[in-house]
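**Student:** Please find query_14.txt (compact mmCIF, N, CA and C atoms) on the next line:
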# COMPACT_ATOMS: atom_id res chain seq x y z
N MET A 1 -17.46 11.44 -15.27
CA MET A 1 -17.40 10.33 -14.35
C MET A 1 -16.27 9.39 -14.77
N ALA A 2 -15.63 8.77 -13.79
CA ALA A 2 -14.50 7.89 -14.07
C ALA A 2 -14.97 6.60 -14.74
N THR A 3 -14.19 6.15 -15.71
CA THR A 3 -14.51 4.89 -16.37
C THR A 3 -13.70 3.79 -15.73
N PHE A 4 -14.19 2.59 -15.84
CA PHE A 4 -13.51 1.43 -15.29
C PHE A 4 -12.86 0.66 -16.43
N GLY A 5 -11.73 1.16 -16.88
CA GLY A 5 -10.97 0.52 -17.94
C GLY A 5 -10.24 -0.70 -17.41
N PRO A 6 -9.55 -1.42 -18.28
CA PRO A 6 -8.85 -2.64 -17.87
C PRO A 6 -7.82 -2.41 -16.77
N GLN A 7 -7.11 -1.29 -16.80
CA GLN A 7 -6.10 -1.04 -15.78
C GLN A 7 -6.73 -0.80 -14.42
N ARG A 8 -7.80 -0.02 -14.39
CA ARG A 8 -8.46 0.24 -13.11
C ARG A 8 -9.09 -1.03 -12.56
N LEU A 9 -9.70 -1.85 -13.42
CA LEU A 9 -10.27 -3.11 -12.96
C LEU A 9 -9.19 -4.05 -12.45
N ALA A 10 -8.05 -4.08 -13.12
CA ALA A 10 -6.93 -4.91 -12.65
C ALA A 10 -6.44 -4.43 -11.28
N ALA A 11 -6.39 -3.12 -11.08
CA ALA A 11 -5.97 -2.58 -9.80
C ALA A 11 -6.97 -2.94 -8.70
N LEU A 12 -8.25 -2.87 -9.00
CA LEU A 12 -9.26 -3.24 -8.01
C LEU A 12 -9.21 -4.73 -7.69
N ARG A 13 -8.96 -5.56 -8.70
CA ARG A 13 -8.82 -7.01 -8.46
C ARG A 13 -7.60 -7.29 -7.59
N ALA A 14 -6.50 -6.59 -7.85
CA ALA A 14 -5.28 -6.78 -7.05
C ALA A 14 -5.53 -6.36 -5.60
N LEU A 15 -6.24 -5.25 -5.41
CA LEU A 15 -6.56 -4.81 -4.06
C LEU A 15 -7.46 -5.83 -3.37
N TRP A 16 -8.45 -6.32 -4.07
CA TRP A 16 -9.36 -7.33 -3.50
C TRP A 16 -8.58 -8.58 -3.08
N ARG A 17 -7.65 -9.04 -3.92
CA ARG A 17 -6.83 -10.21 -3.57
C ARG A 17 -6.00 -9.92 -2.33
N ALA A 18 -5.42 -8.72 -2.25
CA ALA A 18 -4.60 -8.36 -1.08
C ALA A 18 -5.45 -8.33 0.18
N VAL A 19 -6.65 -7.79 0.08
CA VAL A 19 -7.53 -7.73 1.25
C VAL A 19 -7.94 -9.13 1.68
N THR A 20 -8.31 -9.98 0.75
CA THR A 20 -8.74 -11.33 1.13
C THR A 20 -7.57 -12.15 1.69
N ARG A 21 -6.38 -11.96 1.13
CA ARG A 21 -5.20 -12.66 1.68
C ARG A 21 -4.89 -12.18 3.09
N SER A 22 -5.11 -10.89 3.36
CA SER A 22 -4.79 -10.33 4.67
C SER A 22 -5.74 -10.81 5.75
N ARG A 23 -6.87 -11.37 5.35
CA ARG A 23 -7.87 -11.83 6.32
C ARG A 23 -7.80 -13.32 6.59
N ARG A 24 -6.93 -14.03 5.89
CA ARG A 24 -6.85 -15.47 6.09
C ARG A 24 -6.18 -15.80 7.43
N ALA A 25 -6.39 -17.00 7.91
CA ALA A 25 -5.81 -17.43 9.18
C ALA A 25 -4.28 -17.39 9.07
N GLY A 26 -3.65 -16.87 10.08
CA GLY A 26 -2.19 -16.80 10.10
C GLY A 26 -1.61 -15.56 9.44
N ALA A 27 -2.45 -14.73 8.82
CA ALA A 27 -1.97 -13.49 8.20
C ALA A 27 -1.60 -12.51 9.30
N PRO A 28 -0.64 -11.63 9.04
CA PRO A 28 -0.25 -10.65 10.06
C PRO A 28 -1.42 -9.74 10.44
N ALA A 29 -1.50 -9.42 11.71
CA ALA A 29 -2.54 -8.52 12.21
C ALA A 29 -2.18 -7.08 11.83
N LEU A 30 -3.16 -6.20 11.90
CA LEU A 30 -2.94 -4.80 11.56
C LEU A 30 -1.85 -4.18 12.42
N GLY A 31 -1.86 -4.48 13.71
CA GLY A 31 -0.83 -3.94 14.61
C GLY A 31 0.57 -4.39 14.20
N ASP A 32 0.69 -5.66 13.84
CA ASP A 32 2.00 -6.17 13.38
C ASP A 32 2.45 -5.44 12.13
N ARG A 33 1.51 -5.21 11.23
CA ARG A 33 1.83 -4.51 9.98
C ARG A 33 2.27 -3.07 10.25
N LEU A 34 1.55 -2.38 11.15
CA LEU A 34 1.89 -0.99 11.46
C LEU A 34 3.25 -0.90 12.15
N ARG A 35 3.54 -1.84 13.06
CA ARG A 35 4.85 -1.84 13.74
C ARG A 35 5.98 -2.18 12.78
N ALA A 36 5.68 -2.88 11.70
CA ALA A 36 6.71 -3.25 10.73
C ALA A 36 7.09 -2.10 9.81
N LEU A 37 6.23 -1.09 9.68
CA LEU A 37 6.49 0.00 8.74
C LEU A 37 7.83 0.70 8.95
N PRO A 38 8.18 1.11 10.17
CA PRO A 38 9.48 1.78 10.33
C PRO A 38 10.66 0.86 9.99
N ARG A 39 10.58 -0.41 10.38
CA ARG A 39 11.65 -1.36 10.06
C ARG A 39 11.76 -1.57 8.56
N MET A 40 10.61 -1.68 7.90
CA MET A 40 10.59 -1.89 6.46
C MET A 40 11.18 -0.69 5.73
N ALA A 41 10.78 0.51 6.13
CA ALA A 41 11.29 1.72 5.49
C ALA A 41 12.80 1.86 5.72
N ALA A 42 13.25 1.61 6.93
CA ALA A 42 14.68 1.70 7.23
C ALA A 42 15.46 0.66 6.43
N GLY A 43 14.93 -0.54 6.34
CA GLY A 43 15.59 -1.59 5.55
C GLY A 43 15.64 -1.26 4.08
N ALA A 44 14.58 -0.66 3.56
CA ALA A 44 14.55 -0.29 2.14
C ALA A 44 15.54 0.83 1.85
N VAL A 45 15.59 1.83 2.73
CA VAL A 45 16.50 2.96 2.51
C VAL A 45 17.96 2.52 2.63
N SER A 46 18.24 1.65 3.62
CA SER A 46 19.62 1.21 3.83
C SER A 46 20.07 0.16 2.82
N GLY A 47 19.12 -0.46 2.14
CA GLY A 47 19.45 -1.51 1.19
C GLY A 47 19.45 -2.91 1.79
N ARG A 48 19.20 -3.02 3.10
CA ARG A 48 19.15 -4.34 3.74
C ARG A 48 17.93 -5.13 3.29
N TYR A 49 16.85 -4.43 2.94
CA TYR A 49 15.63 -5.09 2.46
C TYR A 49 15.46 -4.72 0.99
N PRO A 50 15.98 -5.55 0.10
CA PRO A 50 15.98 -5.20 -1.33
C PRO A 50 14.63 -5.38 -2.03
N GLU A 51 13.67 -6.01 -1.39
CA GLU A 51 12.38 -6.27 -2.04
C GLU A 51 11.57 -4.99 -2.28
N LEU A 52 11.80 -3.99 -1.46
CA LEU A 52 11.08 -2.71 -1.60
C LEU A 52 12.08 -1.68 -2.11
N GLY A 53 11.99 -1.39 -3.38
CA GLY A 53 12.90 -0.43 -3.97
C GLY A 53 12.63 0.98 -3.48
N ARG A 54 13.63 1.81 -3.61
CA ARG A 54 13.48 3.20 -3.17
C ARG A 54 12.42 3.94 -3.99
N GLY A 55 12.26 3.56 -5.25
CA GLY A 55 11.23 4.19 -6.09
C GLY A 55 9.84 3.89 -5.57
N ARG A 56 9.59 2.64 -5.22
CA ARG A 56 8.27 2.26 -4.68
C ARG A 56 8.05 2.92 -3.33
N LEU A 57 9.09 2.98 -2.51
CA LEU A 57 8.99 3.65 -1.22
C LEU A 57 8.67 5.13 -1.41
N ALA A 58 9.29 5.76 -2.40
CA ALA A 58 9.01 7.16 -2.69
C ALA A 58 7.56 7.35 -3.13
N LEU A 59 7.03 6.41 -3.92
CA LEU A 59 5.62 6.50 -4.33
C LEU A 59 4.69 6.41 -3.12
N VAL A 60 5.01 5.55 -2.17
CA VAL A 60 4.19 5.43 -0.96
C VAL A 60 4.22 6.73 -0.18
N VAL A 61 5.40 7.31 -0.02
CA VAL A 61 5.53 8.57 0.72
C VAL A 61 4.75 9.68 0.00
N LEU A 62 4.86 9.73 -1.33
CA LEU A 62 4.12 10.73 -2.09
C LEU A 62 2.61 10.54 -1.96
N ALA A 63 2.16 9.29 -1.96
CA ALA A 63 0.72 9.02 -1.81
C ALA A 63 0.22 9.48 -0.45
N VAL A 64 0.98 9.22 0.60
CA VAL A 64 0.58 9.67 1.94
C VAL A 64 0.56 11.20 1.98
N ALA A 65 1.60 11.82 1.42
CA ALA A 65 1.66 13.29 1.40
C ALA A 65 0.48 13.86 0.62
N TYR A 66 0.12 13.24 -0.48
CA TYR A 66 -1.01 13.72 -1.28
C TYR A 66 -2.31 13.64 -0.49
N LEU A 67 -2.49 12.55 0.24
CA LEU A 67 -3.74 12.39 0.99
C LEU A 67 -3.85 13.36 2.16
N VAL A 68 -2.75 13.70 2.79
CA VAL A 68 -2.83 14.60 3.94
C VAL A 68 -2.66 16.07 3.55
N SER A 69 -2.25 16.32 2.32
CA SER A 69 -2.03 17.68 1.85
C SER A 69 -3.35 18.40 1.61
N PRO A 70 -3.40 19.69 1.94
CA PRO A 70 -4.61 20.46 1.64
C PRO A 70 -4.73 20.79 0.14
N VAL A 71 -3.64 20.63 -0.61
CA VAL A 71 -3.67 20.89 -2.05
C VAL A 71 -4.21 19.65 -2.74
N ASP A 72 -5.11 19.84 -3.70
CA ASP A 72 -5.76 18.71 -4.36
C ASP A 72 -5.80 18.95 -5.86
N LEU A 73 -5.53 17.91 -6.64
CA LEU A 73 -5.60 18.05 -8.09
C LEU A 73 -7.02 18.30 -8.57
N VAL A 74 -7.97 17.62 -7.96
CA VAL A 74 -9.39 17.81 -8.31
C VAL A 74 -10.10 18.25 -7.02
N PRO A 75 -10.25 19.55 -6.82
CA PRO A 75 -10.78 20.05 -5.55
C PRO A 75 -12.24 19.67 -5.30
N GLU A 76 -12.50 19.25 -4.06
CA GLU A 76 -13.85 18.88 -3.67
C GLU A 76 -14.78 20.09 -3.66
N LEU A 77 -14.25 21.27 -3.35
CA LEU A 77 -15.09 22.47 -3.29
C LEU A 77 -15.69 22.81 -4.65
N VAL A 78 -14.95 22.51 -5.71
CA VAL A 78 -15.41 22.84 -7.06
C VAL A 78 -16.30 21.73 -7.61
N LEU A 79 -15.88 20.49 -7.43
CA LEU A 79 -16.59 19.37 -8.06
C LEU A 79 -17.39 18.51 -7.09
N GLY A 80 -17.42 18.87 -5.85
CA GLY A 80 -18.20 18.09 -4.88
C GLY A 80 -17.68 16.67 -4.74
N VAL A 81 -18.60 15.72 -4.77
CA VAL A 81 -18.26 14.32 -4.56
C VAL A 81 -17.29 13.81 -5.63
N LEU A 82 -17.40 14.30 -6.85
CA LEU A 82 -16.49 13.86 -7.91
C LEU A 82 -15.04 14.21 -7.58
N GLY A 83 -14.84 15.26 -6.80
CA GLY A 83 -13.50 15.65 -6.41
C GLY A 83 -12.85 14.66 -5.46
N LEU A 84 -13.64 13.81 -4.84
CA LEU A 84 -13.10 12.79 -3.95
C LEU A 84 -12.54 11.59 -4.72
N GLY A 85 -12.85 11.52 -6.01
CA GLY A 85 -12.41 10.37 -6.81
C GLY A 85 -10.91 10.19 -6.85
N ASP A 86 -10.17 11.28 -7.04
CA ASP A 86 -8.71 11.15 -7.10
C ASP A 86 -8.16 10.73 -5.76
N ASP A 87 -8.74 11.25 -4.68
CA ASP A 87 -8.30 10.83 -3.35
C ASP A 87 -8.59 9.35 -3.12
N ALA A 88 -9.75 8.90 -3.58
CA ALA A 88 -10.12 7.49 -3.41
C ALA A 88 -9.18 6.57 -4.16
N VAL A 89 -8.80 6.94 -5.37
CA VAL A 89 -7.89 6.11 -6.16
C VAL A 89 -6.54 6.01 -5.46
N VAL A 90 -6.03 7.13 -4.96
CA VAL A 90 -4.75 7.14 -4.25
C VAL A 90 -4.86 6.31 -2.97
N ALA A 91 -5.95 6.47 -2.23
CA ALA A 91 -6.14 5.72 -0.99
C ALA A 91 -6.25 4.22 -1.26
N LEU A 92 -6.95 3.84 -2.31
CA LEU A 92 -7.05 2.41 -2.66
C LEU A 92 -5.68 1.84 -3.01
N TRP A 93 -4.93 2.57 -3.82
CA TRP A 93 -3.58 2.10 -4.17
C TRP A 93 -2.72 1.98 -2.92
N LEU A 94 -2.79 2.99 -2.05
CA LEU A 94 -1.97 2.99 -0.84
C LEU A 94 -2.37 1.83 0.08
N GLY A 95 -3.65 1.58 0.21
CA GLY A 95 -4.11 0.46 1.03
C GLY A 95 -3.61 -0.88 0.50
N GLY A 96 -3.71 -1.05 -0.80
CA GLY A 96 -3.21 -2.29 -1.40
C GLY A 96 -1.70 -2.43 -1.24
N ALA A 97 -0.98 -1.33 -1.45
CA ALA A 97 0.48 -1.36 -1.30
C ALA A 97 0.86 -1.68 0.14
N PHE A 98 0.12 -1.10 1.09
CA PHE A 98 0.37 -1.37 2.51
C PHE A 98 0.21 -2.85 2.82
N LEU A 99 -0.88 -3.44 2.37
CA LEU A 99 -1.13 -4.86 2.65
C LEU A 99 -0.08 -5.75 1.99
N VAL A 100 0.20 -5.51 0.73
CA VAL A 100 1.14 -6.36 -0.01
C VAL A 100 2.56 -6.22 0.53
N GLU A 101 3.00 -4.98 0.69
CA GLU A 101 4.39 -4.76 1.10
C GLU A 101 4.66 -5.18 2.53
N THR A 102 3.72 -4.94 3.45
CA THR A 102 3.98 -5.35 4.84
C THR A 102 3.96 -6.87 4.97
N GLU A 103 3.08 -7.54 4.22
CA GLU A 103 3.09 -9.00 4.29
C GLU A 103 4.40 -9.56 3.73
N ARG A 104 4.83 -9.00 2.62
CA ARG A 104 6.09 -9.44 2.02
C ARG A 104 7.26 -9.20 2.97
N PHE A 105 7.27 -8.04 3.61
CA PHE A 105 8.36 -7.71 4.54
C PHE A 105 8.35 -8.64 5.74
N LEU A 106 7.18 -8.86 6.34
CA LEU A 106 7.10 -9.74 7.50
C LEU A 106 7.50 -11.17 7.15
N ASP A 107 7.14 -11.64 5.97
CA ASP A 107 7.59 -12.96 5.51
C ASP A 107 9.11 -12.98 5.36
N TRP A 108 9.67 -11.92 4.78
CA TRP A 108 11.11 -11.80 4.60
C TRP A 108 11.82 -11.82 5.95
N GLU A 109 11.29 -11.05 6.93
CA GLU A 109 11.89 -11.05 8.27
C GLU A 109 11.84 -12.44 8.89
N ARG A 110 10.71 -13.11 8.74
CA ARG A 110 10.54 -14.43 9.32
C ARG A 110 11.53 -15.43 8.73
N THR A 111 11.73 -15.38 7.43
CA THR A 111 12.66 -16.34 6.80
C THR A 111 14.10 -16.03 7.15
N ARG A 112 14.43 -14.78 7.38
CA ARG A 112 15.80 -14.41 7.75
C ARG A 112 16.12 -14.80 9.19
N SER A 113 15.10 -14.89 10.05
CA SER A 113 15.35 -15.21 11.45
C SER A 113 15.32 -16.72 11.72
N LEU A 114 14.97 -17.51 10.70
CA LEU A 114 14.97 -18.95 10.88
C LEU A 114 16.40 -19.47 10.90
N PRO A 115 16.67 -20.47 11.76
CA PRO A 115 18.04 -21.01 11.82
C PRO A 115 18.40 -21.81 10.61
Turn this file's structure into structure tokens for me.
**Tutor:**
Amino acid sequence: MATFGPQRLAALRALWRAVTRSRRAGAPALGDRLRALPRMAAGAVSGRYPELGRGRLALVVLAVAYLVSPVDLVPELVLGVLGLGDDAVVALWLGGAFLVETERFLDWERTRSLP
């Protein structure tokens, strides 16, 4: 069974903070965040949006690929519910990264469009 060491607890706290910040008044809606993804990725790749490095963008792409891939490091068929643990960790990280990065990008866009 997975242990909750300091790093995992810190990651869960960071995700919790991102989720609570995303629910506050004035925070971007889910639709706004989803529509921002292509612009954010294009800006990161082209270098126009320097806040999201190519390495972090590559990690996000790898996390999505891992979640949709039929290949699994810890197969559910062999370990049952325990095999879902690695998928859950990746999904939690990806969810937190989505919330943090899209909010940062939308704030960046907003400040650049101000006169």
**Student:** Please, what distance in Å, to one decimal, runs between atom CA of A:Ala42 and atom CA of A:Ala88?
**Tutor:**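 We find that atom CA of A:Ala42 and atom CA of A:Ala88 lie 27.6 Å from each other.
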**Student:** Could you tell me how far atom CA of A:Glu103 sits from atom C of A:Ala27, in Å to one decimal place?
**Tutor:**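 So the answer is 7.7 Å.
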**Student:** Find the distance between atom CA of A:Phe105 and atom CA of A:Leu37 and write it in Å to one decimal.
**Tutor:**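 Between atom CA of A:Phe105 and atom CA of A:Leu37 the gap works out to 9.0 Å.
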**Student:** Would you compute, for all listed atoms of stretch 85-89 of chain A, the axis-aligned bounding box grown by 4 Å on each side, and then report its centre and edge lengths in Å rounded to one decimal, as JSON?
**Tutor:**
{"center_x": -9.7, "center_y": 8.8, "center_z": -5.1, "size_x": 14.3, "size_y": 13.5, "size_z": 12.0}
**Student:** Give me the residues within 8 Å of A:Ala97 as JSON, numbers by chain, counting only C-alpha atoms and dropping any in the same chain fewer than 4 places off.
**Tutor:** {"A": [60, 93, 101]}
**Student:** So, with all atoms listed in the file as the atoms that count, which of A:Tyr49, A:Phe98, A:Ala65, A:Glu109 lies closest to A:Arg33?
**Tutor:**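 Under the stated criterion, the closest residue is A:Phe98.
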**Student:** Using only C-alpha atoms, which residue out of A:Arg112, A:Leu106, A:Ala63, A:Gly96 lies closest to A:Arg39?
**Tutor:**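 For A:Arg39, the nearest of the candidates is A:Leu106.
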**Student:** What lies within 12 Å of A:Val61 using only C-alpha atoms, ignoring chain neighbours under 4 positions off, as a list in words?
**Tutor:**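 With the cut-off at 12 Å, the set is Leu37, Ala41, Arg54, Gly55, Arg56, Leu57, Ala65, Tyr66, Leu67, Val68, Ser69, Val90, Leu94, Ala97 and Phe98 of chain A.
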**Student:** Would you mind completing stretch 53-64 of chain A so that it carries all heavy atoms, and writing it out as a PDB file, in the coordinates of the input?
**Tutor:**
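Written file, part20.pdb:
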ATOM      1  N   GLY A  53      11.990  -1.390  -3.380  1.00  0.00           N
ATOM      2  CA  GLY A  53      12.900  -0.430  -3.970  1.00  0.00           C
ATOM      3  C   GLY A  53      12.630   0.980  -3.480  1.00  0.00           C
ATOM      4  O   GLY A  53      11.543   1.305  -3.001  1.00  0.00           O
ATOM      5  N   ARG A  54      13.630   1.810  -3.610  1.00  0.00           N
ATOM      6  CA  ARG A  54      13.480   3.200  -3.170  1.00  0.00           C
ATOM      7  C   ARG A  54      12.420   3.940  -3.990  1.00  0.00           C
ATOM      8  O   ARG A  54      11.743   4.822  -3.484  1.00  0.00           O
ATOM      9  CB  ARG A  54      14.816   3.915  -3.266  1.00  0.00           C
ATOM     10  CG  ARG A  54      15.786   3.424  -2.213  1.00  0.00           C
ATOM     11  CD  ARG A  54      17.099   4.139  -2.278  1.00  0.00           C
ATOM     12  NE  ARG A  54      17.979   3.572  -1.266  1.00  0.00           N
ATOM     13  CZ  ARG A  54      19.258   3.792  -1.225  1.00  0.00           C
ATOM     14  NH1 ARG A  54      19.834   4.561  -2.129  1.00  0.00           N
ATOM     15  NH2 ARG A  54      19.990   3.255  -0.282  1.00  0.00           N
ATOM     16  N   GLY A  55      12.260   3.560  -5.250  1.00  0.00           N
ATOM     17  CA  GLY A  55      11.230   4.190  -6.090  1.00  0.00           C
ATOM     18  C   GLY A  55       9.840   3.890  -5.570  1.00  0.00           C
ATOM     19  O   GLY A  55       8.990   4.782  -5.487  1.00  0.00           O
ATOM     20  N   ARG A  56       9.590   2.640  -5.220  1.00  0.00           N
ATOM     21  CA  ARG A  56       8.270   2.260  -4.680  1.00  0.00           C
ATOM     22  C   ARG A  56       8.050   2.920  -3.330  1.00  0.00           C
ATOM     23  O   ARG A  56       6.948   3.381  -3.028  1.00  0.00           O
ATOM     24  CB  ARG A  56       8.177   0.742  -4.562  1.00  0.00           C
ATOM     25  CG  ARG A  56       6.876   0.249  -3.978  1.00  0.00           C
ATOM     26  CD  ARG A  56       6.130  -0.573  -4.934  1.00  0.00           C
ATOM     27  NE  ARG A  56       5.052  -1.290  -4.279  1.00  0.00           N
ATOM     28  CZ  ARG A  56       3.832  -1.330  -4.762  1.00  0.00           C
ATOM     29  NH1 ARG A  56       3.580  -0.749  -5.909  1.00  0.00           N
ATOM     30  NH2 ARG A  56       2.892  -1.972  -4.137  1.00  0.00           N
ATOM     31  N   LEU A  57       9.090   2.980  -2.510  1.00  0.00           N
ATOM     32  CA  LEU A  57       8.990   3.650  -1.220  1.00  0.00           C
ATOM     33  C   LEU A  57       8.670   5.130  -1.410  1.00  0.00           C
ATOM     34  O   LEU A  57       7.831   5.695  -0.696  1.00  0.00           O
ATOM     35  CB  LEU A  57      10.283   3.481  -0.422  1.00  0.00           C
ATOM     36  CG  LEU A  57      10.294   4.061   0.986  1.00  0.00           C
ATOM     37  CD1 LEU A  57       9.221   3.431   1.854  1.00  0.00           C
ATOM     38  CD2 LEU A  57      11.658   3.880   1.612  1.00  0.00           C
ATOM     39  N   ALA A  58       9.290   5.760  -2.400  1.00  0.00           N
ATOM     40  CA  ALA A  58       9.010   7.160  -2.690  1.00  0.00           C
ATOM     41  C   ALA A  58       7.560   7.350  -3.130  1.00  0.00           C
ATOM     42  O   ALA A  58       6.904   8.329  -2.735  1.00  0.00           O
ATOM     43  CB  ALA A  58       9.959   7.676  -3.765  1.00  0.00           C
ATOM     44  N   LEU A  59       7.030   6.410  -3.920  1.00  0.00           N
ATOM     45  CA  LEU A  59       5.620   6.500  -4.330  1.00  0.00           C
ATOM     46  C   LEU A  59       4.690   6.410  -3.120  1.00  0.00           C
ATOM     47  O   LEU A  59       3.677   7.124  -3.051  1.00  0.00           O
ATOM     48  CB  LEU A  59       5.284   5.395  -5.323  1.00  0.00           C
ATOM     49  CG  LEU A  59       5.772   5.591  -6.743  1.00  0.00           C
ATOM     50  CD1 LEU A  59       5.455   4.354  -7.584  1.00  0.00           C
ATOM     51  CD2 LEU A  59       5.142   6.822  -7.363  1.00  0.00           C
ATOM     52  N   VAL A  60       5.010   5.550  -2.170  1.00  0.00           N
ATOM     53  CA  VAL A  60       4.190   5.430  -0.960  1.00  0.00           C
ATOM     54  C   VAL A  60       4.220   6.730  -0.180  1.00  0.00           C
ATOM     55  O   VAL A  60       3.175   7.233   0.266  1.00  0.00           O
ATOM     56  CB  VAL A  60       4.672   4.233  -0.105  1.00  0.00           C
ATOM     57  CG1 VAL A  60       4.028   4.251   1.269  1.00  0.00           C
ATOM     58  CG2 VAL A  60       4.384   2.919  -0.813  1.00  0.00           C
ATOM     59  N   VAL A  61       5.400   7.310  -0.020  1.00  0.00           N
ATOM     60  CA  VAL A  61       5.530   8.570   0.720  1.00  0.00           C
ATOM     61  C   VAL A  61       4.750   9.680   0.000  1.00  0.00           C
ATOM     62  O   VAL A  61       4.042  10.471   0.634  1.00  0.00           O
ATOM     63  CB  VAL A  61       7.012   8.948   0.901  1.00  0.00           C
ATOM     64  CG1 VAL A  61       7.171  10.373   1.421  1.00  0.00           C
ATOM     65  CG2 VAL A  61       7.698   7.956   1.824  1.00  0.00           C
ATOM     66  N   LEU A  62       4.860   9.730  -1.330  1.00  0.00           N
ATOM     67  CA  LEU A  62       4.120  10.730  -2.090  1.00  0.00           C
ATOM     68  C   LEU A  62       2.610  10.540  -1.960  1.00  0.00           C
ATOM     69  O   LEU A  62       1.860  11.511  -1.869  1.00  0.00           O
ATOM     70  CB  LEU A  62       4.525  10.703  -3.559  1.00  0.00           C
ATOM     71  CG  LEU A  62       5.899  11.289  -3.877  1.00  0.00           C
ATOM     72  CD1 LEU A  62       6.262  11.031  -5.340  1.00  0.00           C
ATOM     73  CD2 LEU A  62       5.934  12.767  -3.573  1.00  0.00           C
ATOM     74  N   ALA A  63       2.160   9.290  -1.960  1.00  0.00           N
ATOM     75  CA  ALA A  63       0.720   9.020  -1.810  1.00  0.00           C
ATOM     76  C   ALA A  63       0.220   9.480  -0.450  1.00  0.00           C
ATOM     77  O   ALA A  63      -0.849  10.111  -0.354  1.00  0.00           O
ATOM     78  CB  ALA A  63       0.443   7.531  -2.000  1.00  0.00           C
ATOM     79  N   VAL A  64       0.980   9.220   0.600  1.00  0.00           N
ATOM     80  CA  VAL A  64       0.580   9.670   1.940  1.00  0.00           C
ATOM     81  C   VAL A  64       0.560  11.200   1.980  1.00  0.00           C
ATOM     82  O   VAL A  64      -0.390  11.804   2.488  1.00  0.00           O
ATOM     83  CB  VAL A  64       1.527   9.102   3.024  1.00  0.00           C
ATOM     84  CG1 VAL A  64       1.274   9.757   4.369  1.00  0.00           C
ATOM     85  CG2 VAL A  64       1.363   7.594   3.129  1.00  0.00           C
TER      86      VAL A  64
END
